[in-house]
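Q: Next up, upload-v1.cif (mmCIF, C-alpha atoms and all ligand atoms).
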```
data_my_file
#
loop_
_atom_site.label_atom_id
_atom_site.label_comp_id
_atom_site.auth_asym_id
_atom_site.auth_seq_id
_atom_site.Cartn_x
_atom_site.Cartn_y
_atom_site.Cartn_z
CA MET S 1 4.48 38.29 -20.73
CA ILE S 2 6.26 35.18 -19.58
CA ASP S 3 5.82 32.29 -21.93
CA ARG S 4 4.96 29.38 -19.61
CA ARG S 5 6.90 26.73 -21.49
CA ASN S 6 10.07 28.80 -21.72
CA PHE S 7 9.73 29.85 -18.12
CA LEU S 8 9.48 26.27 -16.91
CA HIS S 9 12.28 25.24 -19.22
CA GLY S 10 14.48 28.02 -17.91
CA ALA S 11 13.73 26.86 -14.39
CA GLY S 12 14.67 23.30 -15.29
CA LEU S 13 11.18 21.87 -15.12
CA ALA S 14 10.83 20.71 -18.68
CA ALA S 15 13.34 17.89 -18.57
CA VAL S 16 11.66 15.10 -16.65
CA ASN S 17 14.14 12.30 -16.30
CA LEU S 18 12.52 9.29 -17.86
CA ALA S 19 15.77 7.66 -18.87
CA PHE S 20 14.71 4.33 -17.41
CA LEU S 21 11.49 4.11 -19.37
CA PRO S 22 12.64 3.23 -22.90
CA ALA S 23 14.49 0.14 -21.67
CA ILE S 24 11.45 -1.05 -19.72
CA VAL S 25 9.09 -0.30 -22.59
CA ARG S 26 11.40 -2.18 -25.01
CA ALA S 27 11.60 -5.10 -22.58
CA ALA S 28 7.81 -5.05 -22.26
CA GLU S 29 7.48 -5.23 -26.06
CA ARG S 30 9.53 -8.41 -26.00
CA ILE S 31 7.09 -10.05 -23.57
CA ALA S 32 3.94 -8.37 -24.89
CA LEU S 33 2.37 -11.65 -25.98
CA ASN S 34 3.12 -13.41 -22.72
CA THR S 35 0.55 -13.76 -19.98
CA PRO S 36 1.25 -11.82 -16.75
CA GLU S 37 2.14 -15.16 -15.11
CA GLU S 38 4.67 -15.92 -17.85
CA ALA S 39 6.06 -12.40 -17.57
CA ALA S 40 6.34 -12.86 -13.80
CA ARG S 41 8.90 -15.63 -14.39
CA ASP S 42 11.06 -13.67 -16.87
CA GLU S 43 14.16 -12.77 -14.84
CA ASP S 44 15.69 -10.73 -17.70
CA TYR S 45 12.63 -8.52 -17.76
CA TRP S 46 12.70 -7.94 -14.00
CA ALA S 47 16.44 -7.30 -14.10
CA THR S 48 15.68 -4.42 -16.48
CA VAL S 49 13.03 -3.13 -14.09
CA ARG S 50 15.48 -3.38 -11.18
CA ARG S 51 17.87 -1.05 -12.98
CA ALA S 52 15.31 1.73 -12.53
CA PHE S 53 16.18 1.69 -8.80
CA ARG S 54 19.23 2.81 -6.86
CA LEU S 55 19.36 0.25 -4.06
CA ASP S 56 21.65 0.06 -1.07
CA GLY S 57 23.62 -3.02 -2.04
CA ARG S 58 24.82 -3.76 1.48
CA PHE S 59 21.52 -5.38 2.45
CA VAL S 60 18.75 -7.32 0.79
CA ASP S 61 15.54 -5.43 1.51
CA LEU S 62 12.78 -7.89 2.40
CA GLN S 63 10.77 -5.24 4.22
CA GLY S 64 9.44 -3.36 1.22
CA ASN S 65 5.88 -3.75 2.51
CA ALA S 66 6.52 -1.04 5.09
CA VAL S 67 8.12 1.49 2.77
CA ALA S 68 9.39 0.54 -0.69
CA SER S 69 12.36 2.02 -2.51
CA ALA S 70 11.22 4.57 -5.05
CA PRO S 71 12.68 4.48 -8.57
CA ILE S 72 15.60 6.78 -9.43
CA ALA S 73 13.39 8.88 -11.71
CA VAL S 74 10.96 9.49 -8.85
CA LEU S 75 13.73 10.65 -6.53
CA ASP S 76 15.32 12.82 -9.22
CA GLU S 77 11.96 14.35 -9.98
CA ALA S 78 11.27 14.99 -6.28
CA LYS S 79 14.62 16.78 -5.88
CA ARG S 80 14.29 18.74 -9.09
CA THR S 81 10.75 19.89 -8.36
CA SER S 82 11.65 20.81 -4.82
CA ASP S 83 14.60 22.91 -6.00
CA VAL S 84 12.58 24.70 -8.63
CA VAL S 85 9.47 25.23 -6.51
CA HIS S 86 11.55 26.66 -3.69
CA SER S 87 13.23 29.06 -6.10
CA LEU S 88 9.93 30.91 -6.68
CA PRO S 89 7.17 29.23 -4.67
CA ALA S 90 4.47 31.79 -5.39
CA TYR S 91 4.75 30.97 -9.09
CA HIS S 92 5.66 27.30 -9.27
CA LEU S 93 3.54 25.92 -6.44
CA PHE S 94 0.32 27.01 -8.02
CA ARG S 95 1.24 26.30 -11.60
CA TYR S 96 3.52 23.39 -12.32
CA ALA S 97 3.11 21.61 -8.98
CA LEU S 98 -0.64 22.06 -8.96
CA SER S 99 -1.13 20.94 -12.55
CA GLU S 100 1.01 17.86 -11.86
CA LYS S 101 -1.12 17.15 -8.81
CA THR S 102 -4.26 17.27 -10.92
CA ARG S 103 -2.61 14.93 -13.43
CA ALA S 104 -1.64 12.49 -10.64
CA ARG S 105 -5.20 12.54 -9.29
CA THR S 106 -6.68 11.63 -12.68
CA ARG S 107 -4.18 8.84 -13.26
CA LEU S 108 -4.59 7.37 -9.77
CA ALA S 109 -8.37 7.49 -10.12
CA SER S 110 -8.27 5.49 -13.33
CA LEU S 111 -6.00 2.84 -11.75
CA LEU S 112 -8.39 2.52 -8.79
CA GLY S 113 -11.60 2.40 -10.81
CA ALA S 114 -12.79 5.75 -9.41
CA ASN S 115 -13.52 9.23 -10.72
CA ALA S 116 -10.91 11.94 -10.22
CA ASP S 117 -13.32 13.94 -8.07
CA GLU S 118 -13.41 11.06 -5.59
CA ILE S 119 -9.64 10.90 -4.98
CA GLY S 120 -8.10 13.07 -2.29
CA LEU S 121 -4.32 13.33 -2.29
CA VAL S 122 -2.98 13.06 1.23
CA ARG S 123 0.24 12.05 2.96
CA ASN S 124 -0.42 8.43 3.78
CA THR S 125 -2.95 5.82 4.91
CA THR S 126 -2.82 7.22 8.42
CA GLU S 127 -4.07 10.59 7.21
CA ALA S 128 -6.63 9.00 4.89
CA ILE S 129 -8.21 6.68 7.45
CA THR S 130 -7.93 9.13 10.35
CA THR S 131 -9.76 11.72 8.26
CA VAL S 132 -12.63 9.30 7.82
CA LEU S 133 -12.79 7.89 11.31
CA ARG S 134 -12.89 11.37 12.78
CA GLY S 135 -14.97 12.92 10.03
CA ILE S 136 -18.00 10.66 9.73
CA LYS S 137 -21.10 10.67 11.88
CA VAL S 138 -21.69 7.61 14.03
CA GLU S 139 -25.24 7.13 15.20
CA PRO S 140 -25.54 7.22 19.01
CA GLY S 141 -26.12 3.75 20.39
CA SER S 142 -24.78 2.06 17.27
CA GLU S 143 -21.77 -0.23 16.90
CA VAL S 144 -18.55 0.15 14.91
CA VAL S 145 -17.10 -3.20 13.85
CA THR S 146 -13.45 -3.76 13.12
CA THR S 147 -11.04 -6.69 13.50
CA ASN S 148 -8.09 -7.70 15.65
CA GLN S 149 -6.04 -7.72 12.42
CA ASP S 150 -6.61 -4.03 11.72
CA TYR S 151 -3.94 -1.41 12.22
CA PRO S 152 -3.69 -0.86 16.01
CA PRO S 153 -3.61 2.98 15.93
CA PHE S 154 -6.89 2.98 14.00
CA ILE S 155 -8.56 0.56 16.41
CA ARG S 156 -7.38 2.76 19.28
CA ALA S 157 -8.67 5.88 17.54
CA TRP S 158 -12.14 4.32 17.28
CA GLN S 159 -12.04 3.25 20.90
CA ALA S 160 -10.99 6.75 22.00
CA ARG S 161 -13.82 8.29 20.03
CA ALA S 162 -16.35 5.79 21.38
CA GLU S 163 -15.33 6.64 24.96
CA ARG S 164 -16.42 10.23 24.37
CA GLU S 165 -19.50 9.51 22.30
CA ASN S 166 -22.38 7.22 22.79
CA PHE S 167 -21.45 4.23 20.61
CA THR S 168 -19.48 0.99 20.98
CA VAL S 169 -16.62 -0.68 19.13
CA ARG S 170 -16.52 -4.39 18.51
CA VAL S 171 -13.22 -5.98 17.53
CA LEU S 172 -13.80 -9.22 15.64
CA GLU S 173 -11.24 -11.99 16.07
CA LEU S 174 -10.15 -13.19 12.64
CA PRO S 175 -8.96 -16.80 12.93
CA GLU S 176 -5.52 -17.60 11.54
CA GLN S 177 -6.70 -20.60 9.58
CA ALA S 178 -9.79 -19.59 7.67
CA THR S 179 -11.07 -19.86 4.14
CA ASN S 180 -12.65 -16.88 2.42
CA ASP S 181 -16.09 -18.42 2.93
CA GLN S 182 -15.48 -18.71 6.66
CA LEU S 183 -14.32 -15.11 6.86
CA VAL S 184 -17.36 -13.87 4.95
CA GLU S 185 -19.60 -15.84 7.31
CA LEU S 186 -17.89 -14.24 10.29
CA PHE S 187 -18.62 -10.73 8.95
CA ASP S 188 -22.12 -11.81 7.99
CA ASN S 189 -22.83 -12.81 11.59
CA ALA S 190 -21.22 -9.67 13.00
CA LEU S 191 -23.06 -7.12 10.85
CA GLN S 192 -26.25 -7.06 12.89
CA SER S 193 -28.83 -4.28 12.90
CA GLN S 194 -27.05 -2.11 15.49
CA VAL S 195 -23.90 -1.86 13.33
CA SER S 196 -23.43 1.48 11.58
CA THR S 197 -19.81 1.28 10.44
CA LEU S 198 -17.26 -1.34 9.40
CA MET S 199 -13.52 -0.80 9.17
CA ALA S 200 -11.41 -3.61 7.71
CA CYS S 201 -8.06 -4.08 5.98
CA HIS S 202 -7.94 -5.00 2.30
CA VAL S 203 -4.72 -6.94 2.96
CA LEU S 204 -3.84 -7.88 6.53
CA TRP S 205 -0.68 -6.09 7.61
CA ARG S 206 0.49 -8.89 9.91
CA ASN S 207 0.61 -11.70 7.38
CA GLY S 208 -0.27 -10.45 3.89
CA ARG S 209 -3.61 -12.27 3.72
CA VAL S 210 -5.95 -10.70 1.16
CA LEU S 211 -9.50 -10.40 2.51
CA PRO S 212 -12.52 -11.05 0.24
CA ILE S 213 -13.31 -7.37 0.50
CA GLU S 214 -15.85 -7.23 -2.32
CA ARG S 215 -18.02 -9.86 -0.63
CA ILE S 216 -17.66 -8.23 2.77
CA CYS S 217 -18.60 -4.79 1.41
CA ALA S 218 -21.61 -6.29 -0.38
CA LEU S 219 -22.91 -7.62 2.94
CA ALA S 220 -22.36 -4.22 4.54
CA ARG S 221 -24.10 -2.38 1.73
CA GLN S 222 -27.19 -4.60 1.97
CA ARG S 223 -27.41 -3.52 5.64
CA ASN S 224 -26.64 0.16 5.16
CA VAL S 225 -23.34 -0.15 6.98
CA THR S 226 -20.66 2.41 6.07
CA THR S 227 -17.43 0.71 4.90
CA ILE S 228 -13.94 2.07 5.52
CA ILE S 229 -11.23 -0.01 3.90
CA ASP S 230 -7.63 0.31 5.03
CA GLY S 231 -5.90 -0.32 1.73
CA ALA S 232 -2.35 0.37 2.94
CA HIS S 233 -1.28 -2.95 1.39
CA GLY S 234 -3.87 -3.22 -1.34
CA PHE S 235 -3.54 -0.73 -4.18
CA CYS S 236 -0.70 -1.74 -6.53
CA GLN S 237 0.11 -4.93 -4.66
CA VAL S 238 -3.05 -6.86 -5.52
CA PRO S 239 -5.99 -6.05 -7.84
CA THR S 240 -7.93 -3.09 -6.46
CA ASP S 241 -11.07 -1.61 -7.94
CA VAL S 242 -12.95 0.49 -5.42
CA ARG S 243 -16.08 0.57 -7.57
CA GLU S 244 -16.12 -3.24 -7.69
CA PHE S 245 -15.46 -3.41 -3.96
CA GLY S 246 -18.40 -1.07 -3.40
CA CYS S 247 -16.75 0.49 -0.35
CA ASP S 248 -17.45 4.01 0.85
CA TYR S 249 -13.87 4.92 1.76
CA TYR S 250 -10.44 3.49 0.87
CA GLY S 251 -7.07 4.76 2.10
CA ASN S 252 -3.61 3.96 0.78
CA SER S 253 0.04 5.02 1.12
CA LEU S 254 1.72 5.39 -2.25
CA HIS S 255 5.13 4.80 -0.65
CA LYS S 256 4.35 1.14 -0.03
CA TRP S 257 3.31 -0.68 -3.21
CA ALA S 258 2.83 2.18 -5.70
CA LEU S 259 6.54 3.10 -5.60
CA GLY S 260 5.77 6.74 -4.82
CA PRO S 261 7.97 9.01 -2.71
CA ILE S 262 7.68 8.80 1.06
CA GLY S 263 4.82 10.97 2.31
CA THR S 264 2.26 10.46 -0.46
CA GLY S 265 -1.07 8.70 -0.15
CA LEU S 266 -4.65 8.76 -1.31
CA LEU S 267 -8.14 8.79 0.09
CA TYR S 268 -10.92 7.45 -2.09
CA MET S 269 -14.38 8.58 -1.04
CA ARG S 270 -17.58 7.67 -2.82
CA LYS S 271 -18.92 10.90 -4.27
CA GLU S 272 -22.13 10.82 -2.21
CA ARG S 273 -20.15 10.63 1.04
CA ILE S 274 -18.02 13.73 0.48
CA ALA S 275 -20.49 16.37 1.67
CA GLU S 276 -21.33 14.57 4.91
CA THR S 277 -17.68 13.86 5.84
CA LEU S 278 -15.78 16.53 7.72
CA PRO S 279 -12.15 17.20 6.81
CA LEU S 280 -9.38 17.08 9.42
CA PHE S 281 -8.47 20.67 8.65
CA MET S 282 -11.23 23.15 7.87
CA PRO S 283 -10.70 24.97 4.60
CA TRP S 284 -11.06 28.74 4.13
CA ASP S 285 -13.78 28.44 1.63
CA SER S 286 -17.18 27.31 2.85
CA GLU S 287 -18.18 25.97 -0.57
CA LEU S 288 -15.09 23.79 -0.58
CA ALA S 289 -16.29 22.33 2.71
CA GLU S 290 -19.29 20.83 1.04
CA ASP S 291 -18.76 18.31 -1.73
CA ARG S 292 -15.30 18.75 -3.20
CA ILE S 293 -12.69 16.11 -2.50
CA GLU S 294 -9.99 18.78 -2.25
CA LYS S 295 -11.39 19.75 1.14
CA PHE S 296 -9.55 16.72 2.59
CA GLU S 297 -6.18 17.89 1.31
CA GLY S 298 -4.94 19.68 4.36
CA PRO S 299 -2.30 22.35 4.58
CA GLY S 300 0.31 19.70 5.36
CA THR S 301 -0.03 18.06 1.96
CA SER S 302 3.12 18.67 0.07
CA LEU S 303 2.44 19.96 -3.44
CA PRO S 304 6.00 19.42 -4.72
CA ALA S 305 5.63 15.66 -4.12
CA TRP S 306 3.03 15.13 -6.83
CA PRO S 307 5.21 15.58 -9.93
CA SER S 308 7.33 12.70 -8.63
CA VAL S 309 4.21 10.58 -8.10
CA ASN S 310 3.63 11.02 -11.83
CA ALA S 311 7.10 9.60 -12.41
CA SER S 312 6.19 6.52 -10.35
CA LEU S 313 2.96 6.17 -12.34
CA ASP S 314 5.02 6.29 -15.54
CA LEU S 315 6.93 3.28 -14.29
CA LEU S 316 3.84 1.43 -13.06
CA GLU S 317 2.10 1.99 -16.38
CA ALA S 318 5.16 0.90 -18.36
CA ILE S 319 5.27 -2.34 -16.38
CA GLY S 320 1.50 -2.84 -16.21
CA LEU S 321 -0.24 -3.57 -12.93
CA GLU S 322 -1.26 -7.09 -13.98
CA ARG S 323 2.39 -8.00 -14.45
CA LYS S 324 3.29 -6.41 -11.15
CA PHE S 325 0.60 -8.35 -9.26
CA ALA S 326 1.72 -11.56 -10.93
CA ARG S 327 5.34 -10.91 -10.01
CA HIS S 328 4.48 -10.33 -6.34
CA ALA S 329 2.46 -13.54 -6.20
CA TYR S 330 5.16 -15.46 -8.06
CA LEU S 331 7.97 -14.36 -5.75
CA THR S 332 5.95 -15.18 -2.63
CA ARG S 333 5.17 -18.63 -3.98
CA TYR S 334 8.81 -19.03 -5.03
CA TRP S 335 10.16 -18.87 -1.47
CA THR S 336 7.16 -20.33 0.38
CA GLU S 337 7.08 -23.42 -1.88
CA GLN S 338 10.71 -24.11 -1.06
CA LEU S 339 10.11 -23.88 2.67
CA LYS S 340 6.64 -25.29 3.18
CA ASP S 341 7.83 -28.86 3.77
CA THR S 342 10.91 -27.94 5.77
CA PRO S 343 10.60 -29.50 9.24
CA GLY S 344 10.15 -26.82 11.89
CA VAL S 345 9.15 -24.08 9.44
CA VAL S 346 5.62 -22.73 9.86
CA LEU S 347 4.24 -20.42 7.18
CA SER S 348 1.27 -18.10 7.46
CA ASP S 349 -1.73 -19.92 6.18
CA GLU S 350 -2.71 -19.22 2.59
CA PRO S 351 -5.86 -21.16 1.90
CA ASP S 352 -6.52 -19.02 -1.19
CA GLN S 353 -3.14 -19.28 -2.87
CA GLN S 354 -4.30 -17.53 -6.02
CA GLN S 355 -4.75 -14.37 -3.99
CA ALA S 356 -1.24 -14.31 -2.59
CA GLY S 357 0.41 -10.94 -2.74
CA GLY S 358 3.95 -9.85 -2.07
CA PHE S 359 4.42 -10.83 1.55
CA ALA S 360 3.87 -13.64 4.00
CA VAL S 361 4.87 -14.65 7.51
CA LEU S 362 7.25 -17.34 8.64
CA ASN S 363 8.14 -18.89 12.01
CA ILE S 364 10.65 -21.52 13.01
CA GLU S 365 9.54 -23.70 15.91
CA GLY S 366 11.63 -23.10 19.01
CA ILE S 367 13.27 -19.93 17.65
CA GLU S 368 12.36 -16.45 18.82
CA THR S 369 11.35 -14.23 15.90
CA TYR S 370 13.60 -11.40 17.03
CA ASP S 371 16.64 -13.73 17.29
CA LEU S 372 15.96 -14.97 13.78
CA PHE S 373 15.59 -11.42 12.53
CA ARG S 374 18.94 -10.40 14.10
CA HIS S 375 20.67 -13.45 12.69
CA LEU S 376 19.39 -12.74 9.18
CA LEU S 377 20.37 -9.08 9.42
CA ASP S 378 23.67 -9.23 11.29
CA ILE S 379 25.17 -12.33 9.73
CA HIS S 380 23.51 -12.55 6.31
CA SER S 381 22.60 -8.91 5.52
CA LEU S 382 18.99 -9.92 4.87
CA LEU S 383 16.45 -7.40 6.16
CA PRO S 384 12.93 -8.78 6.63
CA GLY S 385 10.36 -7.30 9.03
CA TYR S 386 8.84 -8.89 12.12
CA ASN S 387 5.75 -8.56 14.25
CA GLU S 388 3.74 -10.60 16.80
CA SER S 389 2.84 -13.09 14.04
CA GLY S 390 6.45 -13.85 13.10
CA LEU S 391 9.00 -12.88 10.49
CA VAL S 392 7.42 -10.84 7.69
CA VAL S 393 9.05 -11.44 4.32
CA ALA S 394 8.14 -9.05 1.53
CA SER S 395 9.36 -8.88 -2.02
CA GLN S 396 9.08 -5.88 -4.30
CA ILE S 397 9.56 -5.69 -8.06
CA TYR S 398 13.28 -5.13 -7.54
CA THR S 399 13.68 -8.31 -5.47
CA ARG S 400 15.68 -11.01 -7.25
CA LYS S 401 15.15 -14.74 -7.04
CA THR S 402 18.76 -15.02 -5.90
CA ASP S 403 17.92 -12.77 -2.93
CA LEU S 404 15.15 -15.16 -1.96
CA ASP S 405 17.42 -18.17 -2.53
CA ALA S 406 19.84 -16.70 0.01
CA PHE S 407 16.97 -16.24 2.46
CA VAL S 408 15.63 -19.77 1.92
CA SER S 409 19.07 -21.26 2.45
CA VAL S 410 19.54 -19.49 5.81
CA ILE S 411 16.06 -20.51 6.98
CA LYS S 412 16.65 -24.17 6.08
CA ASN S 413 19.91 -24.09 7.92
CA VAL S 414 18.45 -22.49 11.05
CA ALA S 415 15.44 -24.84 11.01
CA GLN S 416 17.85 -27.79 10.99
CA ASN S 417 20.67 -26.56 13.21
CA GLY S 418 19.35 -23.58 15.16
CA ILE S 419 21.02 -20.18 15.24
CA PRO S 420 24.78 -20.67 15.51
CA SER S 421 26.25 -18.99 18.58
CA THR S 422 28.47 -16.09 17.59
CA VAL S 423 32.18 -16.95 17.66
CA VAL S 424 34.14 -14.31 19.55
C1 LIG G 501 -2.60 -1.93 7.54
C2 LIG G 501 -1.89 -0.63 7.71
N1 LIG G 501 -2.60 0.49 7.80
C3 LIG G 501 -2.02 1.69 7.92
C4 LIG G 501 -0.66 1.81 7.96
C5 LIG G 501 -0.05 3.16 8.11
O1 LIG G 501 0.64 3.47 6.95
P1 LIG G 501 1.37 4.90 6.85
O2 LIG G 501 2.39 4.91 7.95
O3 LIG G 501 2.00 4.90 5.51
O4 LIG G 501 0.34 5.92 7.07
C6 LIG G 501 0.14 0.67 7.89
C7 LIG G 501 1.60 0.77 7.94
O5 LIG G 501 2.35 -0.12 7.65
C8 LIG G 501 -0.50 -0.58 7.76
O6 LIG G 501 0.22 -1.71 7.68
#
```
Can I see the file as structure tokens?
A:
Amino acid sequence: MIDRRNFLHGAGLAAVNLAFLPAIVRAAERIALNTPEEAARDEDYWATVRRAFRLDGRFVDLQGNAVASAPIAVLDEAKRTSDVVHSLPAYHLFRYALSEKTRARTRLASLLGANADEIGLVRNTTEAITTVLRGIKVEPGSEVVTTNQDYPPFIRAWQARAERENFTVRVLELPEQATNDQLVELFDNALQSQVSTLMACHVLWRNGRVLPIERICALARQRNVTTIIDGAHGFCQVPTDVREFGCDYYGNSLHKWALGPIGTGLLYMRKERIAETLPLFMPWDSELAEDRIEKFEGPGTSLPAWPSVNASLDLLEAIGLERKFARHAYLTRYWTEQLKDTPGVVLSDEPDQQQAGGFAVLNIEGIETYDLFRHLLDIHSLLPGYNESGLVVASQIYTRKTDLDAFVSVIKNVAQNGIPSTVV
């Protein structure tokens, strides 16, 4: 009989590359008595963390909110697992890869404040939220409420479904300048008796604003409204506890803020909702179709990806999520503070500064966002994102203060002098 340990070892599966961990753990010991906010300011510590990544040094990545770089160990693990699994799929897929998937599920559940049997492992937020918005019942004649700041494909998906079924979709306008109390009041007024379902973002994708999701879900719960939270930018960027939020569904992409490999995500579903929610892909087994979370893990879900998610969780746990949240908030404040009084510079409003996460939006009066983006990229090798709201500037845990200094200096210059015309 094959001894499992020796078999895996022979296949190269026993040697997970965790070379980066001891240095980070040692560095964490040095700052163990510091508060997360103090740790957030410790550049030596974050320089150690940065060494866990293999970054393309030609550009400064300020677009890590879309897809973040994954640590070297995650990429090595993804390659290694893929090689080994493909060498004998019938054996490895359903042993090593599956047991690692189960391990990832348990670890993710504990970070999210959920039970493992409430966490479906999917490819991304798109799969998670689409599963829910196609899989739940919507009472005929009722109303689905969402906001103009939600992810456009999801709003369109609701509208397409409503056209075929007998319900309506209401898109709430979230004002740019609003306090949390004002936002809660807006949802309070919108959640009238005809409303059956609410879909909202945990963190707004356009400008990084964190919504008071716990208060909004509490209002919905009091009125029996089903809550679907698009947490693409929540989990691992800002504190996230689905049990505290009290939402029914929460979707996330691990390749954004959880440092997982591209193509990994999760779908949290409150246990009581599992049986009544249909999966995107029907499973073979009719029992599985009832109340097991695995029924949402369609045939497209890539088993070999999950061992590498465990490597990203090793890094997240070694750093500690509290420190990570504090670092995101610190870096955002670091560059926004330097620019907030610069004439011509307009920052996305942050009335609740303490909730700031890792990205925010900037505009310069009189300058087209796309021109600014091209100038930053082509002349200064700085790569932010952009959307209708302006330039989106995101920092990840590998972003250095010096990177942000370079960005701030260009913005000050452009705000004062405009974009220099290119010399030919
Ligand atoms: C708010 C929001 N929801 C959903 C998504 C979709 O994420 P993914 O492409 O990882 O499925 C994004 C992508 O950036 C997003 O910003």
Q: Counting all atoms listed in the file, which residue out of S:Gly113, S:Pro304, S:Pro279, S:Pro89 sits closest to Lys101 (chain S)?
A: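 Closest to Lys101 (chain S) of all the choices is S:Pro304.
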Q: Residues near Arg270 (chain S), anyone? I mean within 10 Å using all atoms listed in the file, not counting same-chain ones fewer than 5 positions away, as a PyMOL selection string.
A: chain S and resi 114-115+117-119+242-243+246-250+293
Q: Tell me, as a short mmCIF file (atom, residue, chain, number, x, y, z; two decimals) with C-alpha atoms, in the frame of the given file, which residues lie within 9 Å of region 194-198 of chain S, counting all atoms listed in the file; anything in the same chain fewer than 4 positions away does not count.
A:
```cif
data_model
loop_
_atom_site.label_atom_id
_atom_site.label_comp_id
_atom_site.auth_asym_id
_atom_site.auth_seq_id
_atom_site.Cartn_x
_atom_site.Cartn_y
_atom_site.Cartn_z
CA VAL S 138 -21.69 7.61 14.03
CA GLU S 139 -25.24 7.13 15.20
CA GLY S 141 -26.12 3.75 20.39
CA SER S 142 -24.78 2.06 17.27
CA GLU S 143 -21.77 -0.23 16.90
CA VAL S 144 -18.55 0.15 14.91
CA VAL S 145 -17.10 -3.20 13.85
CA THR S 146 -13.45 -3.76 13.12
CA ALA S 190 -21.22 -9.67 13.00
CA CYS S 217 -18.60 -4.79 1.41
CA ALA S 220 -22.36 -4.22 4.54
CA ARG S 223 -27.41 -3.52 5.64
CA ASN S 224 -26.64 0.16 5.16
CA VAL S 225 -23.34 -0.15 6.98
CA THR S 226 -20.66 2.41 6.07
CA THR S 227 -17.43 0.71 4.90
CA ILE S 228 -13.94 2.07 5.52
CA ILE S 229 -11.23 -0.01 3.90
#
```
Q: Would you please work out which residue, of S:Asn189, S:Asp241, S:Ala47, S:Ser395, is nearest to Ser110 (chain S) when using only C-alpha atoms?
A: S:Asp241
Q: Restricting the calculation to only C-alpha atoms: of S:Asn207, S:Gln159, S:Ser286, S:Ser312, which residue gets closest to Leu254 (chain S)?
A: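 Nearest to Leu254 (chain S): S:Ser312.
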Q: Mind pulling up the distance from CA of Phe20 (chain S) to CA of Phe53 (chain S)?
A: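 Going from CA of Phe53 (chain S) over to CA of Phe20 (chain S) covers 9.1 Å.
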Q: Please write as number ranges by chain the list of polymer residues whose atoms come within 9 Å of (14.9, -19.9, -2.5), counting all atoms listed in the file and keeping to the coordinates of the file.
A: S: 334-339, 401-409
Q: Return as a ChimeraX atom specification the residues of protein, DNA or RNA that approach ligand LIG 501 (chain G) to within 6 Å, with all atoms listed in the file taken into account.
A: /S:66,124-126,151,205,230,232,253
Q: Generate a file of the selected residues that holds C-alpha atoms, formatted as a compact mmCIF listing (two decimals), keeping the file's coordinate frame.
A:
```txt
# COMPACT_ATOMS: atom_id res chain seq x y z
CA ALA S 66 6.52 -1.04 5.09
CA ASN S 124 -0.42 8.43 3.78
CA THR S 125 -2.95 5.82 4.91
CA THR S 126 -2.82 7.22 8.42
CA TYR S 151 -3.94 -1.41 12.22
CA TRP S 205 -0.68 -6.09 7.61
CA ASP S 230 -7.63 0.31 5.03
CA ALA S 232 -2.35 0.37 2.94
CA SER S 253 0.04 5.02 1.12
```
Q: For a quick check of understanding, using all atoms listed in the file, which of S:Leu111, S:Phe359, S:Ala157, S:Asp44 has the smallest distance to Val203 (chain S)?
A: S:Phe359
Q: With distances taken over all atoms listed in the file, which of S:Ala27, S:Ala305, S:Met199, S:Leu382 is nearest to Val132 (chain S)?
A: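 Among S:Ala27, S:Ala305, S:Met199, S:Leu382, it is S:Met199 that comes nearest to Val132 (chain S).
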Q: When distances are computed from only C-alpha atoms, which of S:Leu62, S:Leu186, S:Val85, S:Cys236 shows the smallest separation from Leu219 (chain S)?
A: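 Among the listed residues, the smallest separation from Leu219 (chain S) belongs to S:Leu186.
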Q: Would you compute the distance between CA of Tyr370 (chain S) and CA of Leu55 (chain S)? Give it in Å to one decimal.
A: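 These atoms are spaced 24.8 Å apart.
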Q: Taking 2 positions as the minimum chain separation for residues in the same chain, which residues sit within 7 Å of Leu121 (chain S) when counting all atoms listed in the file? Answer as a ChimeraX atom specification.
A: /S:119,265-267,297
Q: Work out how far CA of Pro307 (chain S) is from CA of Leu98 (chain S), in Å to one decimal.
A: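 Interatomic distance, CA of Leu98 (chain S) to CA of Pro307 (chain S): 8.8 Å.
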